[in-house]
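Student: Structure: input19.cif, mmCIF, C-alpha atoms and all ligand atoms.
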data_final
loop_
_atom_site.label_atom_id
_atom_site.label_comp_id
_atom_site.auth_asym_id
_atom_site.auth_seq_id
_atom_site.Cartn_x
_atom_site.Cartn_y
_atom_site.Cartn_z
CA MET S 1 -87.73 195.30 -10.48
CA LYS S 2 -89.91 193.52 -13.00
CA MET S 3 -88.01 192.37 -16.08
CA THR S 4 -89.78 191.39 -19.28
CA TRP S 5 -88.78 189.64 -22.52
CA THR S 6 -88.80 192.18 -25.34
CA TRP S 7 -90.56 189.97 -27.88
CA THR S 8 -93.31 188.46 -25.70
CA GLY S 9 -93.73 190.94 -22.88
CA GLU S 10 -93.69 187.99 -20.47
CA GLU S 11 -91.88 188.26 -17.17
CA ALA S 12 -88.19 187.32 -17.16
CA THR S 13 -86.65 186.31 -13.85
CA ILE S 14 -82.99 186.14 -12.87
CA ASP S 15 -83.39 182.34 -12.91
CA ASP S 16 -84.66 182.54 -16.51
CA LEU S 17 -81.64 184.60 -17.55
CA VAL S 18 -79.20 182.33 -15.71
CA GLU S 19 -80.79 179.26 -17.33
CA CYS S 20 -80.15 180.81 -20.77
CA ALA S 21 -76.52 181.55 -19.94
CA GLY S 22 -75.02 179.11 -17.42
CA PRO S 23 -75.37 178.56 -13.68
CA GLY S 24 -71.76 179.58 -13.00
CA TRP S 25 -72.42 183.03 -14.43
CA ARG S 26 -75.23 183.86 -11.99
CA LYS S 27 -73.18 186.53 -10.19
CA HIS S 28 -72.47 188.32 -13.49
CA VAL S 29 -76.14 188.21 -14.52
CA GLU S 30 -77.29 189.46 -11.11
CA GLN S 31 -74.73 192.27 -11.03
CA MET S 32 -75.46 193.32 -14.61
CA VAL S 33 -79.18 193.57 -13.84
CA ALA S 34 -78.47 195.50 -10.62
CA ASP S 35 -76.15 197.90 -12.46
CA LEU S 36 -78.68 198.53 -15.24
CA GLU S 37 -81.41 199.02 -12.67
CA ALA S 38 -79.28 201.64 -10.92
CA LEU S 39 -78.98 203.49 -14.25
CA GLY S 40 -82.78 203.66 -14.69
CA TRP S 41 -83.31 200.71 -17.01
CA SER S 42 -86.88 199.71 -17.96
CA GLY S 43 -86.18 195.98 -17.51
CA LYS S 44 -86.55 194.83 -21.12
CA VAL S 45 -84.43 191.80 -22.00
CA THR S 46 -84.04 190.59 -25.58
CA GLN S 47 -81.68 187.69 -24.98
CA VAL S 48 -79.01 186.36 -22.63
CA LYS S 49 -76.81 183.54 -23.84
CA GLU S 50 -73.42 181.91 -24.11
CA LYS S 51 -71.50 182.66 -27.29
CA PHE S 52 -67.93 181.60 -28.12
CA GLY S 53 -67.49 180.58 -24.48
CA GLY S 54 -68.54 183.97 -23.11
CA LEU S 55 -71.66 185.52 -21.67
CA ARG S 56 -73.65 187.79 -23.97
CA PHE S 57 -76.32 190.23 -22.87
CA TYR S 58 -78.88 191.73 -25.21
CA PHE S 59 -80.77 194.26 -23.13
CA GLU S 60 -82.93 197.10 -24.36
CA TYR S 61 -81.42 200.24 -22.90
CA GLU S 62 -84.88 201.78 -22.77
CA GLY S 63 -85.28 204.01 -19.74
CA ILE S 64 -81.57 204.74 -19.42
CA PRO S 65 -80.83 208.40 -20.26
CA GLU S 66 -78.74 208.73 -23.42
CA ASN S 67 -75.74 210.14 -21.56
CA LEU S 68 -75.69 207.03 -19.34
CA GLN S 69 -76.11 204.46 -22.11
CA ARG S 70 -72.34 204.43 -22.69
CA VAL S 71 -71.91 203.57 -19.01
CA ALA S 72 -74.38 200.71 -19.43
CA MET S 73 -72.44 199.45 -22.46
CA ALA S 74 -69.16 199.61 -20.52
CA VAL S 75 -70.73 197.67 -17.65
CA GLU S 76 -72.00 195.09 -20.15
CA ILE S 77 -68.55 194.69 -21.72
CA PHE S 78 -67.01 194.36 -18.26
CA HIS S 79 -69.34 191.53 -17.22
CA GLU S 80 -69.01 189.76 -20.57
CA GLY S 81 -65.22 189.92 -20.17
CA GLN S 82 -65.37 188.65 -16.60
CA SER S 83 -67.44 185.68 -17.77
CA THR S 84 -64.49 184.43 -19.86
CA MET S 85 -62.60 183.94 -16.59
CA THR S 86 -65.49 182.32 -14.72
CA CYS S 87 -66.54 178.67 -15.08
CA GLN S 88 -69.98 178.77 -16.71
CA LEU S 89 -71.04 175.68 -14.78
CA CYS S 90 -69.82 176.20 -11.20
CA GLY S 91 -68.63 179.84 -10.96
CA LYS S 92 -65.02 179.06 -9.98
CA HIS S 93 -62.10 180.63 -11.83
CA GLY S 94 -62.09 179.26 -15.37
CA THR S 95 -60.60 179.65 -18.79
CA THR S 96 -62.13 179.44 -22.27
CA ARG S 97 -61.41 176.05 -23.83
CA ARG S 98 -62.00 174.39 -27.16
CA LYS S 99 -63.03 170.77 -27.29
CA GLU S 100 -60.69 168.74 -29.48
CA ASN S 101 -62.00 167.97 -32.97
CA SER S 102 -64.85 170.41 -32.53
CA GLY S 103 -65.34 174.14 -32.67
CA TRP S 104 -67.21 174.08 -29.40
CA LEU S 105 -65.94 176.63 -26.89
CA ALA S 106 -66.73 176.71 -23.19
CA THR S 107 -65.36 178.58 -20.20
CA LEU S 108 -64.70 175.99 -17.54
CA CYS S 109 -62.64 175.48 -14.41
CA ARG S 110 -60.16 172.62 -14.35
CA THR S 111 -62.54 170.20 -12.60
CA CYS S 112 -65.50 170.85 -14.91
CA ALA S 113 -63.20 170.64 -17.96
CA VAL S 114 -61.90 167.20 -16.93
CA GLU S 115 -65.43 165.95 -16.18
CA ARG S 116 -66.65 167.02 -19.62
CA GLY S 117 -63.66 165.90 -21.67
CA TYR S 118 -62.22 169.32 -22.48
CA PRO S 119 -58.43 169.40 -22.79
CA LEU S 120 -56.45 171.13 -20.07
CA GLU S 121 -53.95 173.87 -20.77
CA LYS S 122 -50.27 172.92 -20.62
CA TRP S 123 -49.96 174.68 -17.27
CA GLU S 124 -52.81 172.64 -15.81
CA GLU S 125 -52.71 169.02 -14.74
CA PRO S 126 -55.66 166.83 -13.77
CA ASP S 127 -54.22 165.96 -10.35
CA MET S 128 -51.23 166.56 -8.07
CA ASP S 129 -49.33 163.40 -9.12
CA SER S 130 -49.48 164.47 -12.76
CA ALA S 131 -48.43 167.99 -11.83
CA VAL S 132 -45.37 166.71 -9.89
CA LYS S 133 -44.47 164.36 -12.77
CA ALA S 134 -44.80 167.18 -15.32
CA VAL S 135 -42.53 169.45 -13.30
CA LYS S 136 -39.92 166.67 -12.76
CA GLU S 137 -39.89 165.91 -16.50
CA ASP S 138 -39.77 169.55 -17.59
CA PRO S 139 -36.25 170.17 -18.91
CA ALA S 140 -36.64 173.86 -18.15
CA VAL S 141 -36.90 173.10 -14.42
CA PRO S 142 -33.42 172.68 -12.81
ZN ZN S 201 -66.41 174.54 -12.85
#
Show me, as structure tokens, the structure contained in the file I just sent.

Tutor:
Amino acid sequence: MKMTWTWTGEEATIDDLVECAGPGWRKHVEQMVADLEALGWSGKVTQVKEKFGGLRFYFEYEGIPENLQRVAMAVEIFHEGQSTMTCQLCGKHGTTRRKENSGWLATLCRTCAVERGYPLEKWEEPDMDSAVKAVKEDPAVP
């Protein structure tokens, strides 16, 4: 299907949309487009981006019958939710993280978080030695 940007009428490709969002979210972008296409969507895209560490779609629901627009919205919410569990850089399982001393949020896997200086969750450790040490020093572990 041919997708177009709402405001310019220029062609929008999957690569364009992925570039606006994050390479790790390609599968969500592709599936969202396929799902909308199946519902009869005209292909108009206003914006795709990352916001608060999650994927956001702004599609015109033009072409989708009114009784199916709720389905399209539910599909959109599903993929946006899935993105908060998918590393936006590599596509592996991820979690939304906040960089220390900044409000910047990103959804990253453990490896990408370490590489980019995002703090790990308490239940994560940067490597196996640290994980073993953390478990040995945990007073809750007998
Ligand atoms: Zn990653």

Student: Could you name the residues that touch region 91-97 of chain S at 9 Å or less, counting all atoms listed in the file, but leaving out those on the same chain fewer than 4 positions away, as a count of residues only?

Tutor: 25

Student: So which residues are close to (-79.3, 187.3, -15.3), meaning at most 10 Å away in the file's coordinates with all atoms listed in the file counted, and can you show them as a list in words?

Tutor: Ala12, Thr13, Ile14, Asp15, Asp16, Leu17, Val18, Glu19, Cys20, Ala21, Gly22, Pro23, Trp25, Arg26, Lys27, His28, Val29, Glu30, Gln31, Met32, Val33, Ala34, Val45, Gln47, Val48, Lys49 and Phe57 of chain S

Student: Can you work out which one of S:Glu60, S:Glu115, S:Asp35, S:Glu50 has the shortest atom-to-atom distance to Phe78 (chain S), counting all atoms listed in the file?

Tutor: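 When distances to Phe78 (chain S) are compared using all atoms listed in the file, the smallest one comes from S:Asp35.
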
Student: Which of these residues is nearest to ligand ZN 201 (chain S), using all atoms listed in the file: S:Gln88, S:Ser130, S:Thr8, S:Asn101?

Tutor: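 That would be S:Gln88, the residue with the smallest distance to ligand ZN 201 (chain S).
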
Student: For CA of Leu39 (chain S) and CA of Leu68 (chain S), quote the distance in Å rounded to one decimal.

Tutor: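 Separating CA of Leu39 (chain S) from CA of Leu68 (chain S) is a distance of 7.0 Å.
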
Student: Which polymer residues have any atom within 10 Å of an atom of Ala72 (chain S), counting all atoms listed in the file, with same-chain residues fewer than 3 positions away left out, as JSON, numbers by chain?

Tutor: {"S": [32, 35, 36, 37, 38, 39, 41, 59, 61, 64, 66, 67, 68, 69, 75, 76, 77, 78]}
